[in-house]
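structure08.cif (mmCIF, C-alpha atoms) appears below.
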```
data_input
loop_
_atom_site.label_atom_id
_atom_site.label_comp_id
_atom_site.auth_asym_id
_atom_site.auth_seq_id
_atom_site.Cartn_x
_atom_site.Cartn_y
_atom_site.Cartn_z
CA MET M 1 114.23 110.24 163.39
CA ASP M 2 114.31 107.52 166.03
CA HIS M 3 115.35 109.89 168.77
CA SER M 4 112.74 112.54 168.08
CA GLY M 5 110.09 109.90 167.51
CA SER M 6 110.74 108.32 170.90
CA GLY M 7 110.50 111.66 172.63
CA PHE M 8 107.35 112.46 170.74
CA ALA M 9 105.73 109.22 171.85
CA SER M 10 106.89 109.51 175.43
CA ASN M 11 105.49 112.99 175.91
CA TRP M 12 102.18 112.01 174.45
CA SER M 13 101.73 109.04 176.72
CA THR M 14 102.77 110.92 179.84
CA GLU M 15 99.98 113.40 179.20
CA GLY M 16 97.49 110.57 179.73
CA LEU M 17 95.96 110.68 176.26
CA GLY M 18 96.65 107.05 175.40
CA ILE M 19 93.86 104.54 174.83
CA HIS M 20 93.35 101.78 177.37
CA ASP M 21 90.02 100.18 176.51
CA THR M 22 89.07 96.52 176.71
CA LEU M 23 86.81 96.60 173.64
CA ASP M 24 89.53 98.22 171.55
CA SER M 25 91.98 95.56 172.69
CA LEU M 26 89.54 92.80 171.72
CA VAL M 27 89.03 94.30 168.26
CA LEU M 28 92.78 94.51 167.74
CA ALA M 29 93.25 90.92 168.96
CA LEU M 30 90.50 89.74 166.59
CA TYR M 31 92.26 91.49 163.71
CA LEU M 32 95.59 89.82 164.50
CA LEU M 33 93.91 86.41 164.69
CA SER M 34 92.15 87.05 161.36
CA VAL M 35 95.40 88.02 159.66
CA LEU M 36 97.18 84.97 161.03
CA SER M 37 94.30 82.70 159.98
CA VAL M 38 94.16 84.07 156.43
CA GLY M 39 97.94 83.89 156.12
CA LEU M 40 98.13 80.30 157.29
CA TRP M 41 95.15 79.31 155.11
CA ALA M 42 96.82 80.82 152.04
CA MET M 43 100.05 79.07 152.97
CA LEU M 44 98.43 75.64 153.31
CA SER M 45 96.19 75.93 150.25
CA SER M 46 98.86 76.94 147.75
CA SER M 47 101.88 75.33 146.15
CA ARG M 48 105.26 76.67 147.27
CA GLY M 49 107.55 73.97 145.91
CA THR M 50 109.45 76.03 143.35
CA VAL M 51 111.04 79.46 143.20
CA THR M 52 108.30 80.60 140.80
CA ASP M 53 105.60 79.44 143.23
CA PHE M 54 107.28 81.13 146.18
CA PHE M 55 108.17 84.47 144.58
CA LEU M 56 105.45 84.76 141.90
CA ALA M 57 102.54 82.80 143.45
CA GLY M 58 102.61 80.36 140.55
CA ARG M 59 101.65 83.23 138.19
CA ASN M 60 98.01 82.65 139.07
CA LEU M 61 96.75 85.87 140.73
CA ALA M 62 93.38 87.31 139.68
CA TRP M 63 92.93 91.02 138.96
CA TRP M 64 91.25 91.84 142.28
CA LEU M 65 94.06 90.19 144.22
CA ILE M 66 96.62 92.21 142.27
CA GLY M 67 94.74 95.49 142.71
CA PHE M 68 94.13 95.31 146.44
CA SER M 69 97.61 93.92 147.03
CA LEU M 70 99.17 96.83 145.15
CA PHE M 71 97.16 99.24 147.30
CA SER M 72 98.00 97.60 150.63
CA SER M 73 101.69 97.43 149.71
CA ASN M 74 101.70 101.13 148.91
CA ILE M 75 99.83 102.45 151.96
CA GLY M 76 102.03 102.25 155.05
CA SER M 77 101.62 103.72 158.52
CA GLY M 78 103.88 106.61 157.55
CA HIS M 79 101.58 107.20 154.57
CA LEU M 80 98.51 107.71 156.77
CA ILE M 81 100.28 110.01 159.21
CA GLY M 82 102.24 111.89 156.53
CA LEU M 83 99.37 112.72 154.18
CA ALA M 84 97.22 114.00 157.04
CA ALA M 85 100.10 116.01 158.49
CA ILE M 86 100.90 117.75 155.19
CA GLY M 87 97.20 118.29 154.56
CA ALA M 88 96.89 120.01 157.95
CA SER M 89 99.80 122.35 157.26
CA SER M 90 99.60 122.92 153.50
CA GLY M 91 96.20 121.87 152.17
CA VAL M 92 95.06 119.53 149.42
CA ALA M 93 98.07 119.84 147.10
CA VAL M 94 99.71 116.73 148.54
CA GLY M 95 96.74 114.74 147.25
CA ALA M 96 98.24 115.19 143.79
CA PHE M 97 100.79 112.54 144.75
CA GLU M 98 97.94 110.05 145.11
CA TRP M 99 96.07 111.09 141.98
CA ASN M 100 99.28 111.10 139.96
CA ALA M 101 99.61 107.40 140.78
CA VAL M 102 96.57 106.62 138.61
CA PHE M 103 98.42 107.54 135.42
CA LEU M 104 101.56 105.66 136.45
CA LEU M 105 99.55 102.54 137.29
CA CYS M 106 98.17 102.62 133.76
CA SER M 107 101.74 102.94 132.47
CA LEU M 108 102.72 99.96 134.60
CA GLY M 109 99.95 97.73 133.25
CA TRP M 110 99.99 98.82 129.61
CA ILE M 111 103.65 99.69 128.93
CA PHE M 112 106.10 98.26 131.45
CA VAL M 113 104.64 94.88 132.42
CA PRO M 114 104.31 93.63 128.81
CA VAL M 115 108.03 94.35 128.34
CA TYR M 116 108.91 92.57 131.60
CA ILE M 117 106.78 89.55 130.69
CA LYS M 118 108.34 89.26 127.23
CA ALA M 119 111.81 89.42 128.84
CA GLU M 120 110.83 86.48 131.11
CA VAL M 121 112.29 88.01 134.27
CA VAL M 122 111.36 87.87 137.96
CA THR M 123 113.14 90.99 139.20
CA VAL M 124 113.88 94.42 137.77
CA SER M 125 117.62 93.89 138.24
CA GLU M 126 117.37 90.72 136.13
CA TYR M 127 115.75 92.77 133.36
CA PHE M 128 118.61 95.29 133.45
CA LYS M 129 121.08 92.43 133.16
CA LYS M 130 119.31 91.04 130.10
CA ARG M 131 118.88 94.49 128.58
CA PHE M 132 122.49 95.66 129.00
CA GLY M 133 124.24 92.29 129.08
CA THR M 134 126.28 92.53 132.28
CA TYR M 135 126.02 91.08 135.78
CA ARG M 136 127.53 94.20 137.30
CA ILE M 137 124.44 96.33 136.71
CA GLN M 138 122.27 93.53 138.11
CA ILE M 139 124.27 93.38 141.33
CA ILE M 140 124.56 97.16 141.67
CA PHE M 141 120.83 97.74 141.29
CA SER M 142 120.02 94.89 143.67
CA VAL M 143 122.34 96.30 146.34
CA VAL M 144 120.90 99.80 145.90
CA TYR M 145 117.32 98.51 146.19
CA LEU M 146 118.19 96.47 149.30
CA PHE M 147 119.85 99.50 150.87
CA LEU M 148 116.76 101.65 150.23
CA TYR M 149 114.42 98.94 151.52
CA ILE M 150 116.33 98.42 154.78
CA PHE M 151 117.48 101.92 155.68
CA ASN M 152 114.60 103.91 154.20
CA ARG M 153 111.32 102.03 153.96
CA ILE M 154 111.65 99.50 156.75
CA ALA M 155 113.14 102.04 159.15
CA LEU M 156 110.41 104.59 158.33
CA GLU M 157 107.58 102.10 158.70
CA VAL M 158 108.86 100.71 162.01
CA CYS M 159 109.50 104.16 163.45
CA SER M 160 106.21 105.79 162.43
CA TYR M 161 104.07 102.83 163.50
CA ALA M 162 105.84 102.38 166.85
CA VAL M 163 105.45 106.08 167.62
CA PHE M 164 101.75 106.01 166.73
CA MET M 165 101.00 102.96 168.87
CA ARG M 166 102.90 104.33 171.82
CA MET M 167 101.00 107.59 171.52
CA LEU M 168 97.69 105.78 171.65
CA TRP M 169 98.45 103.00 174.12
CA GLY M 170 101.71 103.96 175.78
CA LEU M 171 103.15 100.52 175.04
CA ASP M 172 106.81 99.69 174.72
CA ILE M 173 107.76 100.11 171.06
CA TYR M 174 110.02 97.03 171.02
CA LEU M 175 107.19 94.84 172.32
CA ILE M 176 104.80 96.19 169.67
CA ILE M 177 107.19 95.53 166.81
CA LEU M 178 108.15 92.08 168.13
CA VAL M 179 104.52 90.92 168.28
CA LEU M 180 103.65 92.19 164.81
CA LEU M 181 106.82 90.82 163.23
CA THR M 182 106.08 87.44 164.78
CA VAL M 183 102.54 87.40 163.38
CA ALA M 184 103.69 88.54 159.93
CA GLY M 185 106.72 86.26 159.87
CA LEU M 186 104.69 83.12 160.59
CA TYR M 187 102.97 83.23 157.22
CA THR M 188 105.36 85.34 155.12
CA ILE M 189 108.45 83.18 155.56
CA THR M 190 106.64 79.95 154.82
CA GLY M 191 103.76 81.05 152.56
CA GLY M 192 105.62 83.25 150.10
CA LEU M 193 103.88 85.75 147.83
CA VAL M 194 100.52 83.94 147.98
CA ALA M 195 100.24 84.48 151.73
CA VAL M 196 101.46 88.08 151.41
CA VAL M 197 98.89 88.85 148.71
CA TYR M 198 95.86 87.29 150.43
CA THR M 199 96.61 88.97 153.75
CA GLY M 200 97.24 92.16 151.77
CA VAL M 201 93.68 91.99 150.44
CA LEU M 202 92.38 91.67 154.01
CA HIS M 203 94.58 94.60 155.03
CA ALA M 204 93.26 96.70 152.15
CA PHE M 205 89.63 96.16 153.20
CA ILE M 206 90.45 97.02 156.83
CA MET M 207 92.38 100.15 155.83
CA LEU M 208 89.60 101.34 153.55
CA LEU M 209 86.90 100.66 156.14
CA GLY M 210 88.81 102.35 158.96
CA SER M 211 89.88 105.43 157.00
CA VAL M 212 86.42 105.96 155.47
CA LEU M 213 84.72 105.66 158.87
CA LEU M 214 87.11 108.21 160.38
CA MET M 215 86.51 110.46 157.37
CA CYS M 216 82.75 110.31 157.94
CA TYR M 217 83.10 111.17 161.63
CA ALA M 218 85.48 114.04 160.81
CA PHE M 219 83.29 115.58 158.10
CA ASN M 220 80.21 115.24 160.30
CA LYS M 221 82.01 117.02 163.14
CA VAL M 222 83.19 119.92 160.98
CA GLY M 223 79.90 120.41 159.14
CA GLY M 224 80.61 118.70 155.83
CA TYR M 225 82.73 119.91 152.96
CA GLU M 226 81.26 123.42 153.17
CA GLY M 227 82.28 123.57 156.81
CA LEU M 228 85.80 122.51 155.86
CA LEU M 229 86.02 125.23 153.19
CA ARG M 230 84.80 127.90 155.58
CA LYS M 231 86.53 126.95 158.82
CA TYR M 232 89.96 125.89 157.60
CA PHE M 233 91.11 129.48 157.10
CA GLN M 234 90.02 130.27 160.67
CA ALA M 235 92.13 127.45 162.16
CA ILE M 236 94.70 129.63 163.92
CA PRO M 237 96.36 128.75 167.25
CA ARG M 238 95.60 131.06 170.16
CA THR M 239 99.22 131.28 171.30
CA ILE M 240 101.44 132.87 168.67
CA SER M 241 103.97 134.68 170.88
CA LYS M 242 106.04 134.21 174.00
CA GLY M 243 107.89 137.00 175.76
CA ASN M 244 109.36 139.35 173.17
CA TRP M 245 109.09 136.79 170.38
CA THR M 246 106.12 136.64 168.01
CA ALA M 247 105.72 134.17 165.18
CA LYS M 248 105.50 135.48 161.62
CA PRO M 249 101.98 135.34 160.16
CA GLN M 250 102.98 132.86 157.45
CA CYS M 251 103.97 130.43 160.21
CA TYR M 252 100.52 130.10 161.75
CA LEU M 253 98.03 131.35 159.15
CA PRO M 254 96.60 128.70 156.80
CA ARG M 255 97.91 128.98 153.28
CA PRO M 256 95.58 131.03 151.04
CA ASP M 257 95.99 128.42 148.29
CA ALA M 258 95.23 125.50 150.62
CA PHE M 259 92.43 124.24 148.35
CA HIS M 260 94.44 124.61 145.12
CA ILE M 261 96.21 121.60 143.65
CA ILE M 262 97.96 123.81 141.07
CA GLN M 263 100.07 126.13 143.23
CA ASP M 264 102.39 129.04 142.52
CA PRO M 265 105.71 127.97 140.92
CA VAL M 266 107.72 130.00 143.47
CA THR M 267 105.78 130.26 146.72
CA GLY M 268 103.70 127.08 146.58
CA ASP M 269 104.42 124.15 148.88
CA LEU M 270 104.07 121.91 145.81
CA PRO M 271 104.93 124.20 142.84
CA TRP M 272 103.21 123.24 139.62
CA PRO M 273 106.45 122.72 137.61
CA GLY M 274 107.49 120.08 140.13
CA LEU M 275 104.03 118.55 140.01
CA PHE M 276 103.96 118.25 136.21
CA PHE M 277 107.63 117.61 135.41
CA GLY M 278 109.33 116.32 138.56
CA LEU M 279 106.74 114.12 140.27
CA PRO M 280 106.08 111.86 137.22
CA ILE M 281 109.80 110.97 137.09
CA LEU M 282 109.86 109.93 140.75
CA SER M 283 106.53 108.14 140.42
CA THR M 284 107.69 106.22 137.35
CA TYR M 285 110.57 104.81 139.37
CA TYR M 286 108.28 104.04 142.31
CA TRP M 287 105.34 102.42 140.53
CA CYS M 288 106.94 100.97 137.39
CA THR M 289 110.36 99.70 138.52
CA ASP M 290 109.94 98.98 142.22
CA GLN M 291 110.15 95.25 142.95
CA MET M 292 107.10 95.33 145.28
CA PHE M 293 104.66 96.34 142.54
CA PHE M 294 106.52 94.77 139.64
CA GLN M 295 106.45 91.36 141.36
CA ARG M 296 102.68 91.36 141.90
CA CYS M 297 102.00 92.20 138.29
CA LEU M 298 104.24 89.41 137.04
CA ALA M 299 102.25 87.01 139.24
CA GLY M 300 99.01 87.72 137.35
CA LYS M 301 97.19 85.03 135.38
CA ASN M 302 97.56 87.01 132.18
CA LEU M 303 98.00 90.55 130.95
CA SER M 304 94.27 91.33 131.16
CA HIS M 305 94.25 90.52 134.88
CA VAL M 306 97.35 92.68 135.37
CA LYS M 307 95.67 95.64 133.67
CA GLY M 308 92.49 95.10 135.70
CA GLY M 309 94.49 95.05 138.94
CA CYS M 310 96.27 98.29 138.03
CA LEU M 311 92.94 99.99 137.26
CA LEU M 312 91.42 98.78 140.54
CA CYS M 313 94.35 100.12 142.53
CA GLY M 314 94.11 103.43 140.67
CA TYR M 315 90.43 103.85 141.51
CA VAL M 316 91.05 103.09 145.19
CA LYS M 317 93.94 105.58 145.28
CA LEU M 318 91.50 108.35 144.33
CA LEU M 319 89.93 108.03 147.80
CA SER M 320 93.13 109.09 149.58
CA MET M 321 92.45 112.79 149.03
CA PHE M 322 89.20 112.52 150.98
CA SER M 323 90.06 109.80 153.51
CA MET M 324 93.59 110.92 154.49
CA VAL M 325 94.45 114.46 153.33
CA MET M 326 91.20 116.24 154.20
CA PRO M 327 90.84 114.59 157.64
CA GLY M 328 94.24 116.12 158.43
CA MET M 329 92.86 119.54 157.49
CA ILE M 330 89.80 118.91 159.65
CA SER M 331 92.04 117.98 162.56
CA ARG M 332 93.65 121.41 162.30
CA ILE M 333 90.20 123.01 162.42
CA LEU M 334 89.11 121.04 165.48
CA TYR M 335 92.40 121.25 167.41
CA PRO M 336 94.30 124.30 166.12
CA ASP M 337 96.26 124.89 169.33
CA LYS M 338 97.79 121.42 169.08
CA VAL M 339 98.02 120.63 165.37
CA ALA M 340 98.94 124.17 164.23
CA CYS M 341 101.09 125.26 167.20
CA VAL M 342 103.99 127.62 166.39
CA VAL M 343 105.48 128.50 169.78
CA PRO M 344 108.25 125.94 170.46
CA SER M 345 107.35 125.51 174.12
CA GLU M 346 103.70 124.89 173.25
CA CYS M 347 104.62 122.32 170.60
CA GLN M 348 106.95 120.63 173.07
CA LYS M 349 104.09 120.39 175.54
CA TYR M 350 101.64 118.87 173.07
CA CYS M 351 103.79 116.49 171.05
CA GLY M 352 107.36 116.55 172.32
CA MET M 353 108.76 118.36 169.26
CA GLU M 354 109.57 122.07 169.07
CA THR M 355 109.31 122.28 165.29
CA GLY M 356 105.57 121.60 165.01
CA CYS M 357 102.87 119.06 165.79
CA SER M 358 101.19 118.46 162.43
CA PRO M 359 102.15 114.72 162.56
CA ILE M 360 99.64 114.20 165.38
CA ALA M 361 96.72 115.38 163.18
CA TYR M 362 95.52 111.88 162.25
CA PRO M 363 96.13 110.17 165.62
CA LEU M 364 94.36 113.06 167.36
CA LEU M 365 91.21 112.45 165.33
CA VAL M 366 91.29 108.77 166.29
CA ILE M 367 91.61 109.60 169.99
CA GLU M 368 89.09 112.44 170.15
CA LEU M 369 86.36 111.49 167.65
CA LEU M 370 85.92 107.74 167.58
CA PRO M 371 83.97 105.76 170.19
CA SER M 372 85.22 102.63 171.88
CA GLY M 373 85.44 99.73 169.44
CA LEU M 374 85.93 101.92 166.39
CA ARG M 375 89.19 103.11 167.91
CA GLY M 376 90.19 99.46 167.94
CA LEU M 377 89.28 99.27 164.26
CA MET M 378 91.56 102.25 163.55
CA LEU M 379 94.33 100.60 165.53
CA SER M 380 93.78 97.57 163.31
CA THR M 381 93.95 99.89 160.29
CA PHE M 382 97.38 101.09 161.34
CA CYS M 383 98.45 97.52 162.05
CA ALA M 384 97.24 96.54 158.58
CA SER M 385 99.15 99.37 156.91
CA PHE M 386 102.29 98.46 158.82
CA ILE M 387 102.20 94.69 158.33
CA SER M 388 101.18 94.83 154.66
CA SER M 389 103.97 97.25 153.79
CA LEU M 390 106.56 95.44 155.86
CA THR M 391 105.77 91.96 154.51
CA SER M 392 105.76 93.28 150.93
CA ILE M 393 109.11 94.99 151.42
CA CYS M 394 110.70 91.98 153.06
CA HIS M 395 109.43 89.52 150.45
CA SER M 396 110.61 91.73 147.59
CA ALA M 397 113.99 92.20 149.26
CA SER M 398 114.22 88.44 149.60
CA ALA M 399 113.57 87.99 145.87
CA LEU M 400 116.22 90.56 144.96
CA PHE M 401 118.88 88.97 147.17
CA THR M 402 118.10 85.36 146.33
CA LEU M 403 117.71 85.68 142.56
CA ASN M 404 120.17 88.46 141.77
CA ILE M 405 122.95 88.24 144.35
CA TYR M 406 122.98 84.73 145.79
CA THR M 407 122.78 83.10 142.35
CA VAL M 408 125.91 85.03 141.35
CA MET M 409 127.67 83.90 144.52
CA ARG M 410 126.43 80.32 144.07
CA PRO M 411 125.80 79.62 140.35
CA VAL M 412 125.27 75.92 141.10
CA ALA M 413 122.60 76.52 143.77
CA THR M 414 119.72 74.05 143.57
CA GLU M 415 116.02 74.93 143.68
CA THR M 416 115.83 73.76 147.29
CA GLU M 417 118.83 75.87 148.26
CA LEU M 418 117.27 78.97 146.66
CA MET M 419 114.01 78.33 148.52
CA VAL M 420 115.82 78.08 151.85
CA THR M 421 117.83 81.22 151.08
CA GLY M 422 114.67 83.11 150.12
CA ARG M 423 112.95 82.18 153.36
#
```
Could you quickly redo this structure as structure tokens?
Amino acid sequence: MDHSGSGFASNWSTEGLGIHDTLDSLVLALYLLSVLSVGLWAMLSSSRGTVTDFFLAGRNLAWWLIGFSLFSSNIGSGHLIGLAAIGASSGVAVGAFEWNAVFLLCSLGWIFVPVYIKAEVVTVSEYFKKRFGTYRIQIIFSVVYLFLYIFNRIALEVCSYAVFMRMLWGLDIYLIILVLLTVAGLYTITGGLVAVVYTGVLHAFIMLLGSVLLMCYAFNKVGGYEGLLRKYFQAIPRTISKGNWTAKPQCYLPRPDAFHIIQDPVTGDLPWPGLFFGLPILSTYYWCTDQMFFQRCLAGKNLSHVKGGCLLCGYVKLLSMFSMVMPGMISRILYPDKVACVVPSECQKYCGMETGCSPIAYPLLVIELLPSGLRGLMLSTFCASFISSLTSICHSASALFTLNIYTVMRPVATETELMVTGR
């Protein structure tokens, strides 16, 4: 992933398509200052003297804080790029992943959280220990979660965001990550969950504003929803052969069921048996047992606020079909030779990968459609998705290690020692 991503980014920037605009830079700088200010304000205005304060925000979060924080923790930079990319190549079916979350969020608020609260736990692994009566399952689950956080989520977020920023600005990926980690670390390490949640709310507003603005520009360019319905099936690249080789029609023609969420059980990109029977199982693990979401719900003032936060996040998730998936489909309509390329040499020329260029669907809209200033807002949107996901992952990983592993290693650890370890 890292190797192909670096090549992808390098080729894009060498083509001269990156953004180098003073106004965009000022907007991005203003965003970073705003995030740092909100994070430090939350840190200074809240109590962080105990483990409960640090990891559960004193159990005093209102429903709107929980809802927007759940959303910002879920939407990462890979989320924005991935949904648009799959939408460009396969159609609206991937939006079912987002709409499916609504039902699981209700399960989280009405079924799972009441059980967790009654068990008086802070982490999922701690609940398993109480439920099955052994420390081994607590340690095993904590180690598995930490492994997934570090080698799956953190690696994916860092890679996808660094590639996107280098595509747009041509900046060194290590410099980008270092700056953002410094900004996020200043308030996350010291402020705990309170700082993560309040900055997450700011990130959620920025992500919603940026994605909705880009959606409006994209739909206006393509002629509205009717234009999308009519033109998507005409989005075919001009170059489909090279020499004696010609691509198969199914490789470059849009799928005939592109606007169907319920797809064929054999030939569909998202077959309906998987949608109805497989996806809910994966989503139950993700939404109802993942420490990131579980922790925010436990930090609510009471169960009513937890349920309200889950409902708010569910309503906001409904927008993803229109603000992320369909813009990817519009990108294919506007730039079929790039987004829908099938000839390996052509794909290599446009995005540095021979297997296809659908991942550039969303960044291409940002570069081509948005005026100066709004591009900076979209850069801030990607920064928000990256920082919110990364801080949530890191804080949850810290809770898992400190409360489930370190306490086993050091049963006599004091409150102060646990706080230092968590930070």
Find, counting only C-alpha atoms, the residue in M:Lys307, M:Lys118, M:Arg375, M:Arg423 that gets nearest to Asp21 (chain M).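 Among M:Lys307, M:Lys118, M:Arg375, M:Arg423, it is M:Arg375 that comes nearest to Asp21 (chain M).
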Evaluate the PyMOL selection byres ((chain M and resi 43) around 10) and report residues as a ChimeraX atom specification: /M:37-42,44-48,186-196,198
Using the chain letters and numbers from this file, what does the PyMOL selection byres ((chain M and resi 63-65) around 12) select? Give the answer as a PyMOL selection string. chain M and resi 57+59-62+66-73+109+193-205+296-313+316
State, in Å with one decimal place, the distance from CA of Leu33 (chain M) to CA of Val183 (chain M). 8.8 Å
Excluding Ala247 (chain M) and any residue of its chain fewer than 3 positions from it, enumerate the residues within 8 Å of it, using only C-alpha atoms, and give them as a list in words.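 Result of the neighbour search: Ile240, Ser241, Cys251, Tyr252, Val342 and Val343 of chain M.
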Resolved residues for the PyMOL selection byres ((chain M and resi 355) around 10) as a VMD selection string: chain M and resid 341 to 345 347 to 348 351 to 354 356 to 358
What's the 8 Å shell around Leu377 (chain M), counting only C-alpha atoms, without same-chain residues fewer than 6 positions away, as a PyMOL selection string? chain M and resi 24+27-28+206+210
Using only C-alpha atoms, find the one residue out of M:Trp287, M:Phe219, M:Phe54, M:Phe276 that sits nearest to Ser107 (chain M).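 Closest residue, counting only C-alpha atoms: M:Trp287.
If you count all atoms listed in the file and ignore residues fewer than 2 places along the chain from Phe259 (chain M), what sits within 9 Å of it is Ser90, Gly91, Val92, Ala93, Leu229, Arg255, Pro256, Asp257 and Ile261 of chain M.
Picture a line from CA of Glu415 (chain M) to CA of Val144 (chain M); it runs 25.4 Å.
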Rank M:Gly223, M:Pro359, M:Gly243, M:Gly314 by their smallest atom-to-atom distance to Ala101 (chain M), using all atoms listed in the file, and report the top residue only. M:Gly314
Restricting the calculation to only C-alpha atoms, which member of M:Ile81, M:Val113, M:Leu334, M:Leu318 is positioned closest to Pro363 (chain M)?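 Going through M:Ile81, M:Val113, M:Leu334, M:Leu318 one by one, the smallest distance to Pro363 (chain M) is for M:Ile81.
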Exercise: residues within 10 Å of coordinate (107.6, 104.2, 159.9), counting only C-alpha atoms, as a ChimeraX atom specification: /M:1-2,5,76-79,81-82,152-164,386,389-390
For each of M:Thr289, M:Thr414, M:Gln250, M:Thr381, take the minimum atom-to-atom distance to Ser125 (chain M), counting all atoms listed in the file, then give the residue where this is smallest. M:Thr289
Separation of CA of Ala218 (chain M) from CA of Arg238 (chain M), in Å and rounded to one decimal: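 Result for CA of Ala218 (chain M) versus CA of Arg238 (chain M): 21.9 Å, one decimal.
For the choices M:Glu346, M:Glu120, M:Glu126, M:Glu98, the atom-to-atom distance to Lys242 (chain M) is smallest for M:Glu346 when using all atoms listed in the file.
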Within 9 Å of Gly422 (chain M), counting only C-alpha atoms, which residues show up once you throw out same-chain ones fewer than 4 positions away? Write them as number ranges by chain, please. M: 51, 54-55, 189, 395, 398-399, 401-403, 417-418
Residues from the last selection, C-alpha atoms, saved as a PDB file, in the coordinates of the input:
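File written: part-v9.pdb
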```pdb
ATOM      1  CA  VAL M  51     111.040  79.460 143.200  1.00  0.00           C
ATOM      2  CA  PHE M  54     107.280  81.130 146.180  1.00  0.00           C
ATOM      3  CA  PHE M  55     108.170  84.470 144.580  1.00  0.00           C
ATOM      4  CA  ILE M 189     108.450  83.180 155.560  1.00  0.00           C
ATOM      5  CA  HIS M 395     109.430  89.520 150.450  1.00  0.00           C
ATOM      6  CA  SER M 398     114.220  88.440 149.600  1.00  0.00           C
ATOM      7  CA  ALA M 399     113.570  87.990 145.870  1.00  0.00           C
ATOM      8  CA  PHE M 401     118.880  88.970 147.170  1.00  0.00           C
ATOM      9  CA  THR M 402     118.100  85.360 146.330  1.00  0.00           C
ATOM     10  CA  LEU M 403     117.710  85.680 142.560  1.00  0.00           C
ATOM     11  CA  GLU M 417     118.830  75.870 148.260  1.00  0.00           C
ATOM     12  CA  LEU M 418     117.270  78.970 146.660  1.00  0.00           C
TER      13      LEU M 418
END
```
Can you tell me which residues surround Tyr335 (chain M) at a distance of at most 9 Å, considering only C-alpha atoms, apart from same-chain residues fewer than 2 positions away, and format the answer as a short mmCIF file (atom, residue, chain, number, x, y, z; two decimals) with C-alpha atoms, keeping the file's coordinate frame?
```
data_model
loop_
_atom_site.label_atom_id
_atom_site.label_comp_id
_atom_site.auth_asym_id
_atom_site.auth_seq_id
_atom_site.Cartn_x
_atom_site.Cartn_y
_atom_site.Cartn_z
CA ALA M 235 92.13 127.45 162.16
CA PRO M 237 96.36 128.75 167.25
CA ILE M 330 89.80 118.91 159.65
CA SER M 331 92.04 117.98 162.56
CA ARG M 332 93.65 121.41 162.30
CA ILE M 333 90.20 123.01 162.42
CA ASP M 337 96.26 124.89 169.33
CA LYS M 338 97.79 121.42 169.08
CA VAL M 339 98.02 120.63 165.37
CA ALA M 340 98.94 124.17 164.23
CA ALA M 361 96.72 115.38 163.18
CA LEU M 364 94.36 113.06 167.36
#
```
